[in-house]
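J.: Hey, dropping input_23.cif in here, mmCIF, N, CA and C atoms:
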data_data
#
loop_
_atom_site.label_atom_id
_atom_site.label_comp_id
_atom_site.auth_asym_id
_atom_site.auth_seq_id
_atom_site.Cartn_x
_atom_site.Cartn_y
_atom_site.Cartn_z
N MET J 1 -33.07 -11.27 -13.41
CA MET J 1 -31.75 -10.69 -13.30
C MET J 1 -31.78 -9.24 -13.76
N ASP J 2 -30.99 -8.42 -13.11
CA ASP J 2 -30.93 -7.03 -13.52
C ASP J 2 -29.94 -6.85 -14.67
N GLU J 3 -29.94 -5.67 -15.23
CA GLU J 3 -29.10 -5.38 -16.40
C GLU J 3 -27.61 -5.54 -16.10
N ASN J 4 -27.17 -5.15 -14.89
CA ASN J 4 -25.75 -5.29 -14.53
C ASN J 4 -25.34 -6.75 -14.45
N THR J 5 -26.22 -7.59 -13.89
CA THR J 5 -25.91 -9.02 -13.80
C THR J 5 -25.77 -9.61 -15.21
N ASN J 6 -26.71 -9.26 -16.09
CA ASN J 6 -26.62 -9.73 -17.47
C ASN J 6 -25.33 -9.27 -18.12
N GLN J 7 -24.98 -8.01 -17.92
CA GLN J 7 -23.75 -7.50 -18.53
C GLN J 7 -22.54 -8.24 -18.01
N ASN J 8 -22.50 -8.55 -16.71
CA ASN J 8 -21.38 -9.32 -16.15
C ASN J 8 -21.31 -10.70 -16.77
N LEU J 9 -22.47 -11.35 -16.94
CA LEU J 9 -22.49 -12.67 -17.58
C LEU J 9 -21.94 -12.58 -19.00
N TYR J 10 -22.35 -11.58 -19.73
CA TYR J 10 -21.87 -11.40 -21.10
C TYR J 10 -20.37 -11.13 -21.11
N ASP J 11 -19.92 -10.24 -20.23
CA ASP J 11 -18.50 -9.88 -20.19
C ASP J 11 -17.62 -11.07 -19.81
N ASN J 12 -18.16 -11.97 -18.98
CA ASN J 12 -17.37 -13.10 -18.49
C ASN J 12 -17.56 -14.37 -19.32
N SER J 13 -18.33 -14.30 -20.39
CA SER J 13 -18.55 -15.48 -21.23
C SER J 13 -17.34 -15.72 -22.12
N PRO J 14 -16.97 -16.98 -22.32
CA PRO J 14 -15.81 -17.26 -23.17
C PRO J 14 -16.10 -16.87 -24.63
N PHE J 15 -15.06 -16.46 -25.31
CA PHE J 15 -15.15 -16.06 -26.71
C PHE J 15 -15.80 -17.16 -27.56
N ILE J 16 -15.41 -18.40 -27.32
CA ILE J 16 -15.93 -19.51 -28.12
C ILE J 16 -17.44 -19.66 -27.93
N ALA J 17 -17.96 -19.27 -26.77
CA ALA J 17 -19.41 -19.33 -26.54
C ALA J 17 -20.13 -18.36 -27.48
N TRP J 18 -19.52 -17.21 -27.73
CA TRP J 18 -20.11 -16.24 -28.65
C TRP J 18 -20.06 -16.75 -30.08
N ILE J 19 -18.97 -17.40 -30.46
CA ILE J 19 -18.87 -17.99 -31.80
C ILE J 19 -19.96 -19.05 -31.97
N HIS J 20 -20.13 -19.88 -30.97
CA HIS J 20 -21.14 -20.93 -31.01
C HIS J 20 -22.54 -20.31 -31.10
N ASN J 21 -22.78 -19.26 -30.34
CA ASN J 21 -24.07 -18.56 -30.36
C ASN J 21 -24.36 -18.02 -31.76
N ILE J 22 -23.38 -17.40 -32.38
CA ILE J 22 -23.54 -16.87 -33.74
C ILE J 22 -23.91 -18.00 -34.70
N SER J 23 -23.19 -19.10 -34.60
CA SER J 23 -23.43 -20.23 -35.49
C SER J 23 -24.83 -20.80 -35.31
N LEU J 24 -25.25 -21.01 -34.07
CA LEU J 24 -26.58 -21.57 -33.82
C LEU J 24 -27.69 -20.64 -34.30
N ASN J 25 -27.55 -19.35 -34.05
CA ASN J 25 -28.58 -18.42 -34.47
C ASN J 25 -28.65 -18.30 -35.99
N GLN J 26 -27.50 -18.39 -36.65
CA GLN J 26 -27.50 -18.36 -38.11
C GLN J 26 -28.18 -19.62 -38.65
N GLN J 27 -27.93 -20.76 -38.03
CA GLN J 27 -28.57 -22.01 -38.45
C GLN J 27 -30.09 -21.93 -38.29
N LYS J 28 -30.55 -21.38 -37.17
CA LYS J 28 -31.99 -21.24 -36.94
C LYS J 28 -32.62 -20.34 -38.00
N TYR J 29 -31.95 -19.25 -38.30
CA TYR J 29 -32.45 -18.32 -39.32
C TYR J 29 -32.52 -19.02 -40.67
N MET J 30 -31.44 -19.72 -41.04
CA MET J 30 -31.39 -20.41 -42.33
C MET J 30 -32.53 -21.43 -42.43
N LYS J 31 -32.70 -22.20 -41.39
CA LYS J 31 -33.74 -23.24 -41.41
C LYS J 31 -35.12 -22.61 -41.58
N SER J 32 -35.35 -21.48 -40.93
CA SER J 32 -36.66 -20.83 -41.03
C SER J 32 -36.92 -20.29 -42.43
N LYS J 33 -35.88 -20.06 -43.20
CA LYS J 33 -36.01 -19.48 -44.55
C LYS J 33 -35.95 -20.51 -45.66
N LEU J 34 -35.66 -21.74 -45.34
CA LEU J 34 -35.49 -22.75 -46.39
C LEU J 34 -36.76 -23.52 -46.71
N ASP J 35 -37.90 -22.91 -46.46
CA ASP J 35 -39.19 -23.45 -46.88
C ASP J 35 -39.37 -24.93 -46.60
N GLY J 36 -39.13 -25.34 -45.36
CA GLY J 36 -39.41 -26.71 -44.97
C GLY J 36 -38.36 -27.73 -45.37
N LEU J 37 -37.29 -27.31 -46.03
CA LEU J 37 -36.23 -28.26 -46.37
C LEU J 37 -35.49 -28.62 -45.10
N ASP J 38 -35.24 -29.88 -44.90
CA ASP J 38 -34.63 -30.37 -43.66
C ASP J 38 -33.11 -30.42 -43.80
N PHE J 39 -32.46 -29.26 -43.71
CA PHE J 39 -31.02 -29.22 -43.87
C PHE J 39 -30.27 -29.05 -42.56
N ASP J 40 -30.78 -28.32 -41.63
CA ASP J 40 -30.09 -27.92 -40.40
C ASP J 40 -28.66 -27.49 -40.71
N HIS J 41 -27.75 -27.68 -39.79
CA HIS J 41 -26.38 -27.20 -39.98
C HIS J 41 -25.60 -28.02 -41.02
N ASN J 42 -26.15 -29.13 -41.47
CA ASN J 42 -25.45 -29.96 -42.44
C ASN J 42 -25.44 -29.38 -43.85
N MET J 43 -26.20 -28.30 -44.06
CA MET J 43 -26.18 -27.65 -45.37
C MET J 43 -24.76 -27.19 -45.74
N ARG J 44 -23.94 -26.98 -44.75
CA ARG J 44 -22.56 -26.54 -45.01
C ARG J 44 -21.79 -27.58 -45.81
N TYR J 45 -22.16 -28.85 -45.68
CA TYR J 45 -21.49 -29.91 -46.44
C TYR J 45 -21.80 -29.80 -47.92
N ILE J 46 -23.06 -29.50 -48.25
CA ILE J 46 -23.43 -29.35 -49.66
C ILE J 46 -22.68 -28.16 -50.26
N ILE J 47 -22.58 -27.07 -49.52
CA ILE J 47 -21.86 -25.90 -50.02
C ILE J 47 -20.39 -26.24 -50.24
N PHE J 48 -19.78 -26.95 -49.29
CA PHE J 48 -18.38 -27.33 -49.41
C PHE J 48 -18.17 -28.21 -50.65
N ILE J 49 -19.05 -29.17 -50.86
CA ILE J 49 -18.94 -30.06 -52.01
C ILE J 49 -19.14 -29.27 -53.31
N PHE J 50 -20.09 -28.36 -53.30
CA PHE J 50 -20.33 -27.49 -54.46
C PHE J 50 -19.08 -26.69 -54.80
N ASP J 51 -18.45 -26.13 -53.77
CA ASP J 51 -17.26 -25.28 -53.97
C ASP J 51 -15.99 -26.08 -54.25
N ASN J 52 -16.00 -27.36 -53.90
CA ASN J 52 -14.82 -28.22 -54.05
C ASN J 52 -15.20 -29.52 -54.74
N PRO J 53 -15.58 -29.45 -56.03
CA PRO J 53 -16.00 -30.68 -56.71
C PRO J 53 -14.90 -31.74 -56.65
N ASN J 54 -15.33 -32.96 -56.50
CA ASN J 54 -14.44 -34.12 -56.40
C ASN J 54 -13.67 -34.18 -55.09
N CYS J 55 -14.16 -33.44 -54.08
CA CYS J 55 -13.56 -33.57 -52.75
C CYS J 55 -13.95 -34.94 -52.20
N SER J 56 -13.34 -35.31 -51.09
CA SER J 56 -13.60 -36.62 -50.50
C SER J 56 -14.31 -36.47 -49.16
N GLN J 57 -14.79 -37.59 -48.68
CA GLN J 57 -15.38 -37.62 -47.35
C GLN J 57 -14.33 -37.20 -46.32
N GLU J 58 -13.12 -37.62 -46.51
CA GLU J 58 -12.02 -37.26 -45.59
C GLU J 58 -11.81 -35.74 -45.57
N ASP J 59 -11.97 -35.07 -46.72
CA ASP J 59 -11.86 -33.62 -46.76
C ASP J 59 -12.91 -32.97 -45.86
N LEU J 60 -14.12 -33.52 -45.87
CA LEU J 60 -15.18 -33.00 -45.01
C LEU J 60 -14.86 -33.25 -43.53
N VAL J 61 -14.35 -34.43 -43.24
CA VAL J 61 -13.95 -34.77 -41.86
C VAL J 61 -12.92 -33.76 -41.37
N ASN J 62 -11.93 -33.48 -42.18
CA ASN J 62 -10.86 -32.54 -41.79
C ASN J 62 -11.37 -31.12 -41.65
N MET J 63 -12.23 -30.69 -42.56
CA MET J 63 -12.69 -29.30 -42.54
C MET J 63 -13.63 -29.03 -41.37
N PHE J 64 -14.53 -29.97 -41.11
CA PHE J 64 -15.58 -29.69 -40.13
C PHE J 64 -15.38 -30.37 -38.79
N GLY J 65 -14.32 -31.18 -38.67
CA GLY J 65 -14.01 -31.79 -37.38
C GLY J 65 -15.05 -32.79 -36.91
N GLN J 66 -15.78 -33.38 -37.82
CA GLN J 66 -16.80 -34.36 -37.48
C GLN J 66 -16.23 -35.77 -37.69
N SER J 67 -16.87 -36.74 -37.08
CA SER J 67 -16.42 -38.12 -37.23
C SER J 67 -16.73 -38.63 -38.63
N LYS J 68 -15.96 -39.64 -39.05
CA LYS J 68 -16.20 -40.25 -40.35
C LYS J 68 -17.61 -40.83 -40.42
N GLY J 69 -18.05 -41.44 -39.34
CA GLY J 69 -19.38 -42.03 -39.30
C GLY J 69 -20.48 -41.00 -39.44
N ASN J 70 -20.34 -39.88 -38.75
CA ASN J 70 -21.34 -38.81 -38.84
C ASN J 70 -21.40 -38.24 -40.25
N ILE J 71 -20.24 -37.98 -40.82
CA ILE J 71 -20.18 -37.44 -42.19
C ILE J 71 -20.81 -38.45 -43.16
N ALA J 72 -20.48 -39.73 -43.02
CA ALA J 72 -21.00 -40.76 -43.92
C ALA J 72 -22.53 -40.81 -43.84
N LYS J 73 -23.07 -40.70 -42.64
CA LYS J 73 -24.53 -40.75 -42.45
C LYS J 73 -25.20 -39.57 -43.16
N VAL J 74 -24.65 -38.38 -43.00
CA VAL J 74 -25.21 -37.19 -43.63
C VAL J 74 -25.10 -37.30 -45.15
N LEU J 75 -23.94 -37.74 -45.63
CA LEU J 75 -23.75 -37.86 -47.08
C LEU J 75 -24.71 -38.88 -47.69
N ARG J 76 -24.95 -39.95 -46.98
CA ARG J 76 -25.89 -40.97 -47.47
C ARG J 76 -27.28 -40.35 -47.64
N LYS J 77 -27.69 -39.53 -46.65
CA LYS J 77 -29.00 -38.86 -46.75
C LYS J 77 -29.02 -37.90 -47.93
N PHE J 78 -27.98 -37.09 -48.08
CA PHE J 78 -27.93 -36.15 -49.20
C PHE J 78 -27.92 -36.87 -50.55
N GLU J 79 -27.25 -38.01 -50.59
CA GLU J 79 -27.23 -38.79 -51.82
C GLU J 79 -28.63 -39.36 -52.10
N ASP J 80 -29.27 -39.92 -51.07
CA ASP J 80 -30.62 -40.46 -51.22
C ASP J 80 -31.62 -39.38 -51.63
N ASP J 81 -31.41 -38.15 -51.14
CA ASP J 81 -32.30 -37.04 -51.46
C ASP J 81 -31.96 -36.37 -52.80
N GLY J 82 -30.89 -36.81 -53.43
CA GLY J 82 -30.54 -36.31 -54.76
C GLY J 82 -29.75 -35.01 -54.80
N TYR J 83 -29.07 -34.65 -53.71
CA TYR J 83 -28.29 -33.42 -53.68
C TYR J 83 -26.82 -33.63 -54.07
N ILE J 84 -26.31 -34.82 -53.82
CA ILE J 84 -24.91 -35.12 -54.14
C ILE J 84 -24.82 -36.49 -54.81
N LYS J 85 -23.68 -36.73 -55.43
CA LYS J 85 -23.39 -38.07 -55.93
C LYS J 85 -21.95 -38.41 -55.56
N ARG J 86 -21.72 -39.69 -55.40
CA ARG J 86 -20.39 -40.21 -55.08
C ARG J 86 -19.91 -41.04 -56.27
N GLN J 87 -18.66 -40.85 -56.61
CA GLN J 87 -18.04 -41.66 -57.66
C GLN J 87 -16.71 -42.16 -57.13
N ILE J 88 -16.38 -43.39 -57.47
CA ILE J 88 -15.10 -43.96 -57.05
C ILE J 88 -13.97 -43.16 -57.69
N ASP J 89 -13.00 -42.80 -56.89
CA ASP J 89 -11.82 -42.08 -57.36
C ASP J 89 -10.98 -43.05 -58.19
N PRO J 90 -10.73 -42.74 -59.46
CA PRO J 90 -9.95 -43.66 -60.30
C PRO J 90 -8.50 -43.85 -59.81
N ASN J 91 -8.01 -42.91 -59.01
CA ASN J 91 -6.65 -43.00 -58.49
C ASN J 91 -6.57 -43.77 -57.17
N ASN J 92 -7.72 -43.96 -56.53
CA ASN J 92 -7.77 -44.68 -55.25
C ASN J 92 -9.15 -45.29 -55.12
N ARG J 93 -9.27 -46.54 -55.47
CA ARG J 93 -10.58 -47.20 -55.54
C ARG J 93 -11.27 -47.32 -54.18
N ARG J 94 -10.58 -47.03 -53.09
CA ARG J 94 -11.21 -47.07 -51.76
C ARG J 94 -11.78 -45.71 -51.36
N LYS J 95 -11.64 -44.74 -52.24
CA LYS J 95 -12.03 -43.37 -51.93
C LYS J 95 -13.12 -42.91 -52.91
N TYR J 96 -14.07 -42.15 -52.40
CA TYR J 96 -15.13 -41.59 -53.24
C TYR J 96 -14.89 -40.11 -53.47
N MET J 97 -15.17 -39.67 -54.68
CA MET J 97 -15.16 -38.25 -55.02
C MET J 97 -16.61 -37.77 -54.94
N LEU J 98 -16.82 -36.61 -54.34
CA LEU J 98 -18.15 -36.08 -54.12
C LEU J 98 -18.40 -34.88 -55.02
N THR J 99 -19.58 -34.84 -55.61
CA THR J 99 -20.00 -33.67 -56.40
C THR J 99 -21.48 -33.43 -56.13
N THR J 100 -21.90 -32.20 -56.37
CA THR J 100 -23.32 -31.90 -56.24
C THR J 100 -24.02 -32.27 -57.54
N THR J 101 -25.27 -32.64 -57.41
CA THR J 101 -26.12 -32.94 -58.56
C THR J 101 -26.77 -31.64 -59.03
N GLU J 102 -27.59 -31.73 -60.04
CA GLU J 102 -28.33 -30.55 -60.50
C GLU J 102 -29.19 -29.99 -59.36
N ARG J 103 -29.80 -30.88 -58.61
CA ARG J 103 -30.61 -30.44 -57.46
C ARG J 103 -29.75 -29.72 -56.42
N GLY J 104 -28.56 -30.26 -56.16
CA GLY J 104 -27.64 -29.60 -55.24
C GLY J 104 -27.16 -28.27 -55.78
N ASN J 105 -26.87 -28.23 -57.08
CA ASN J 105 -26.42 -26.98 -57.70
C ASN J 105 -27.50 -25.90 -57.63
N ASP J 106 -28.76 -26.31 -57.67
CA ASP J 106 -29.87 -25.35 -57.60
C ASP J 106 -30.05 -24.78 -56.20
N ILE J 107 -29.78 -25.58 -55.16
CA ILE J 107 -30.05 -25.13 -53.80
C ILE J 107 -28.93 -24.24 -53.24
N VAL J 108 -27.71 -24.42 -53.70
CA VAL J 108 -26.59 -23.66 -53.11
C VAL J 108 -26.75 -22.15 -53.26
N PRO J 109 -27.12 -21.62 -54.44
CA PRO J 109 -27.31 -20.16 -54.51
C PRO J 109 -28.40 -19.65 -53.57
N LYS J 110 -29.44 -20.44 -53.37
CA LYS J 110 -30.50 -20.05 -52.43
C LYS J 110 -29.96 -19.99 -51.01
N ILE J 111 -29.19 -21.00 -50.63
CA ILE J 111 -28.59 -21.03 -49.30
C ILE J 111 -27.66 -19.83 -49.12
N ARG J 112 -26.86 -19.57 -50.13
CA ARG J 112 -25.92 -18.43 -50.04
C ARG J 112 -26.65 -17.10 -49.89
N GLN J 113 -27.74 -16.92 -50.62
CA GLN J 113 -28.48 -15.67 -50.52
C GLN J 113 -29.09 -15.50 -49.14
N ILE J 114 -29.64 -16.56 -48.60
CA ILE J 114 -30.22 -16.50 -47.25
C ILE J 114 -29.12 -16.18 -46.24
N SER J 115 -27.94 -16.76 -46.42
CA SER J 115 -26.81 -16.48 -45.53
C SER J 115 -26.40 -15.02 -45.63
N LYS J 116 -26.34 -14.48 -46.85
CA LYS J 116 -26.01 -13.06 -47.03
C LYS J 116 -27.06 -12.16 -46.37
N ASP J 117 -28.32 -12.55 -46.52
CA ASP J 117 -29.39 -11.77 -45.88
C ASP J 117 -29.21 -11.76 -44.37
N TRP J 118 -28.88 -12.93 -43.79
CA TRP J 118 -28.65 -13.02 -42.35
C TRP J 118 -27.49 -12.12 -41.94
N GLU J 119 -26.39 -12.19 -42.69
CA GLU J 119 -25.22 -11.36 -42.37
C GLU J 119 -25.59 -9.88 -42.36
N LYS J 120 -26.37 -9.47 -43.34
CA LYS J 120 -26.80 -8.07 -43.40
C LYS J 120 -27.67 -7.72 -42.20
N GLU J 121 -28.61 -8.60 -41.86
CA GLU J 121 -29.53 -8.35 -40.75
C GLU J 121 -28.80 -8.24 -39.41
N VAL J 122 -27.75 -9.03 -39.21
CA VAL J 122 -27.04 -8.99 -37.92
C VAL J 122 -25.93 -7.95 -37.90
N GLY J 123 -25.69 -7.32 -39.04
CA GLY J 123 -24.73 -6.23 -39.07
C GLY J 123 -23.33 -6.58 -39.54
N ILE J 124 -23.16 -7.73 -40.20
CA ILE J 124 -21.86 -8.07 -40.77
C ILE J 124 -21.76 -7.34 -42.11
N SER J 125 -20.66 -6.60 -42.27
CA SER J 125 -20.51 -5.81 -43.49
C SER J 125 -19.16 -6.11 -44.15
N GLU J 126 -18.94 -5.51 -45.28
CA GLU J 126 -17.65 -5.66 -45.97
C GLU J 126 -16.50 -5.14 -45.11
N ASP J 127 -16.81 -4.21 -44.22
CA ASP J 127 -15.78 -3.67 -43.31
C ASP J 127 -15.27 -4.74 -42.35
N ASP J 128 -15.99 -5.83 -42.21
CA ASP J 128 -15.59 -6.90 -41.31
C ASP J 128 -14.69 -7.93 -41.99
N TYR J 129 -14.19 -7.62 -43.18
CA TYR J 129 -13.34 -8.55 -43.92
C TYR J 129 -12.12 -8.99 -43.11
N LEU J 130 -11.45 -8.05 -42.46
CA LEU J 130 -10.25 -8.40 -41.68
C LEU J 130 -10.61 -9.30 -40.49
N LEU J 131 -11.74 -9.05 -39.88
CA LEU J 131 -12.20 -9.90 -38.78
C LEU J 131 -12.47 -11.31 -39.28
N LYS J 132 -13.16 -11.43 -40.41
CA LYS J 132 -13.43 -12.74 -41.00
C LYS J 132 -12.12 -13.48 -41.29
N LYS J 133 -11.19 -12.76 -41.88
CA LYS J 133 -9.90 -13.36 -42.22
C LYS J 133 -9.19 -13.84 -40.96
N ARG J 134 -9.25 -13.08 -39.90
CA ARG J 134 -8.59 -13.45 -38.64
C ARG J 134 -9.27 -14.68 -38.02
N ILE J 135 -10.58 -14.74 -38.08
CA ILE J 135 -11.29 -15.90 -37.53
C ILE J 135 -10.93 -17.15 -38.32
N ILE J 136 -10.79 -17.03 -39.63
CA ILE J 136 -10.35 -18.17 -40.45
C ILE J 136 -8.95 -18.62 -40.04
N GLU J 137 -8.06 -17.67 -39.82
CA GLU J 137 -6.70 -18.01 -39.36
C GLU J 137 -6.75 -18.77 -38.04
N ILE J 138 -7.58 -18.30 -37.12
CA ILE J 138 -7.71 -18.96 -35.82
C ILE J 138 -8.24 -20.38 -36.01
N ALA J 139 -9.24 -20.54 -36.88
CA ALA J 139 -9.80 -21.86 -37.14
C ALA J 139 -8.73 -22.79 -37.73
N LEU J 140 -7.95 -22.29 -38.68
CA LEU J 140 -6.89 -23.12 -39.26
C LEU J 140 -5.84 -23.51 -38.24
N ASN J 141 -5.49 -22.58 -37.36
CA ASN J 141 -4.54 -22.88 -36.29
C ASN J 141 -5.10 -23.95 -35.36
N GLY J 142 -6.39 -23.87 -35.08
CA GLY J 142 -7.03 -24.87 -34.23
C GLY J 142 -7.02 -26.25 -34.89
N MET J 143 -7.24 -26.28 -36.21
CA MET J 143 -7.22 -27.55 -36.93
C MET J 143 -5.82 -28.18 -36.86
N LYS J 144 -4.79 -27.35 -37.01
CA LYS J 144 -3.42 -27.86 -36.94
C LYS J 144 -3.08 -28.37 -35.55
N LEU J 145 -3.61 -27.68 -34.56
CA LEU J 145 -3.32 -28.02 -33.17
C LEU J 145 -3.82 -29.42 -32.79
N VAL J 146 -4.91 -29.86 -33.41
CA VAL J 146 -5.48 -31.14 -33.05
C VAL J 146 -5.21 -32.26 -34.07
N GLU J 147 -4.39 -31.98 -35.06
CA GLU J 147 -4.04 -33.01 -36.06
C GLU J 147 -3.31 -34.16 -35.44
#
Now, as a test, write the supplied structure out as structure tokens.

T.:
Amino acid sequence: MDENTNQNLYDNSPFIAWIHNISLNQQKYMKSKLDGLDFDHNMRYIIFIFDNPNCSQEDLVNMFGQSKGNIAKVLRKFEDDGYIKRQIDPNNRRKYMLTTTERGNDIVPKIRQISKDWEKEVGISEDDYLLKKRIIEIALNGMKLVE
């Protein structure tokens, strides 16, 4: 394909395709830097749990739009690998509260640093704060739309 054809393809690509592309490339970069740790895109769950101690599986379902079964499977692996722990919520015995373990607490700063390095490499700067805020607003609106 010539350069004009490529440019037309890029110009005519849906916005969400670019968001997906950014996400996938960031995941590939992260995985390449995590020294053989098998996290893939699910590392976001550990970060969420780290940032929101005592959150629930349902909180993860709502935030990431994944099925309860998928979230449960990932959490079981993280628990088996020693990154998180589940405790029964004393206010609702059918619900588990999630927290990171010492191992989980140790990995989150490493993940965050690699993410910051990626942002710097691709050209995301502090000047993009308003763009980030707007994308978060769009994501929240999308979550409300499908509730």

J.: Could you list the residues chosen by the PyMOL selection byres ((chain J and resi 84-96) around 8) in this structure as a ChimeraX atom specification?

T.: /J:46,54-58,75,77-83,97-105

J.: Rounded to one decimal place, report the atom N of Asp106 (chain J)-atom N of Trp118 (chain J) distance in Å.

T.: 19.3 Å

J.: Near Ile16 (chain J), counting only C-alpha atoms, which residues have an atom at most 12 Å away, once you skip same-chain residues fewer than 4 positions from it, shown as a ChimeraX atom specification?

T.: /J:12,20-23,135,138-139

J.: Write to file, as a CSV table (one decimal), keeping the file's coordinate frame, the residues of the selection just made, with N, CA and C atoms.

T.:
chain,number,residue,atom,x,y,z
J,12,ASN,N,-18.2,-12.0,-19.0
J,12,ASN,CA,-17.4,-13.1,-18.5
J,12,ASN,C,-17.6,-14.4,-19.3
J,20,HIS,N,-20.1,-19.9,-31.0
J,20,HIS,CA,-21.1,-20.9,-31.0
J,20,HIS,C,-22.5,-20.3,-31.1
J,21,ASN,N,-22.8,-19.3,-30.3
J,21,ASN,CA,-24.1,-18.6,-30.4
J,21,ASN,C,-24.4,-18.0,-31.8
J,22,ILE,N,-23.4,-17.4,-32.4
J,22,ILE,CA,-23.5,-16.9,-33.7
J,22,ILE,C,-23.9,-18.0,-34.7
J,23,SER,N,-23.2,-19.1,-34.6
J,23,SER,CA,-23.4,-20.2,-35.5
J,23,SER,C,-24.8,-20.8,-35.3
J,135,ILE,N,-10.6,-14.7,-38.1
J,135,ILE,CA,-11.3,-15.9,-37.5
J,135,ILE,C,-10.9,-17.2,-38.3
J,138,ILE,N,-7.6,-18.3,-37.1
J,138,ILE,CA,-7.7,-19.0,-35.8
J,138,ILE,C,-8.2,-20.4,-36.0
J,139,ALA,N,-9.2,-20.5,-36.9
J,139,ALA,CA,-9.8,-21.9,-37.1
J,139,ALA,C,-8.7,-22.8,-37.7

J.: Neighbouring residues of Ile71 (chain J) were defined as those with any atom within 10 Å, considering only C-alpha atoms; residues of the same chain fewer than 6 positions away were excluded. Please report them as a CSV table (one decimal) with N, CA and C atoms, keeping the file's coordinate frame.

T.:
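Final file, around_38.csv:
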chain,number,residue,atom,x,y,z
J,42,ASN,N,-26.2,-29.1,-41.5
J,42,ASN,CA,-25.4,-30.0,-42.4
J,42,ASN,C,-25.4,-29.4,-43.8
J,45,TYR,N,-22.2,-28.8,-45.7
J,45,TYR,CA,-21.5,-29.9,-46.4
J,45,TYR,C,-21.8,-29.8,-47.9
J,57,GLN,N,-14.8,-37.6,-48.7
J,57,GLN,CA,-15.4,-37.6,-47.4
J,57,GLN,C,-14.3,-37.2,-46.3
J,58,GLU,N,-13.1,-37.6,-46.5
J,58,GLU,CA,-12.0,-37.3,-45.6
J,58,GLU,C,-11.8,-35.7,-45.6
J,60,LEU,N,-14.1,-33.5,-45.9
J,60,LEU,CA,-15.2,-33.0,-45.0
J,60,LEU,C,-14.9,-33.2,-43.5
J,61,VAL,N,-14.4,-34.4,-43.2
J,61,VAL,CA,-14.0,-34.8,-41.9
J,61,VAL,C,-12.9,-33.8,-41.4
J,64,PHE,N,-14.5,-30.0,-41.1
J,64,PHE,CA,-15.6,-29.7,-40.1
J,64,PHE,C,-15.4,-30.4,-38.8
J,65,GLY,N,-14.3,-31.2,-38.7
J,65,GLY,CA,-14.0,-31.8,-37.4
J,65,GLY,C,-15.0,-32.8,-36.9

J.: Rounded to one decimal place, report the atom C of Gly123 (chain J)-atom N of Gln26 (chain J) distance in Å.

T.: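 Separation between atom C of Gly123 (chain J) and atom N of Gln26 (chain J): 12.9 Å.
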
J.: Counting all atoms listed in the file, figure out which residue out of J:Phe50, J:Leu140, J:Ser115, J:Asp11 gets nearest to Met30 (chain J).

T.: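 With all atoms listed in the file as the atom set, the closest residue is J:Ser115.
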
J.: Figure out the distance between atom N of Asn8 (chain J) and atom C of Asp128 (chain J), please, to one decimal in Å.

T.: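 These two atoms are separated by 26.5 Å.
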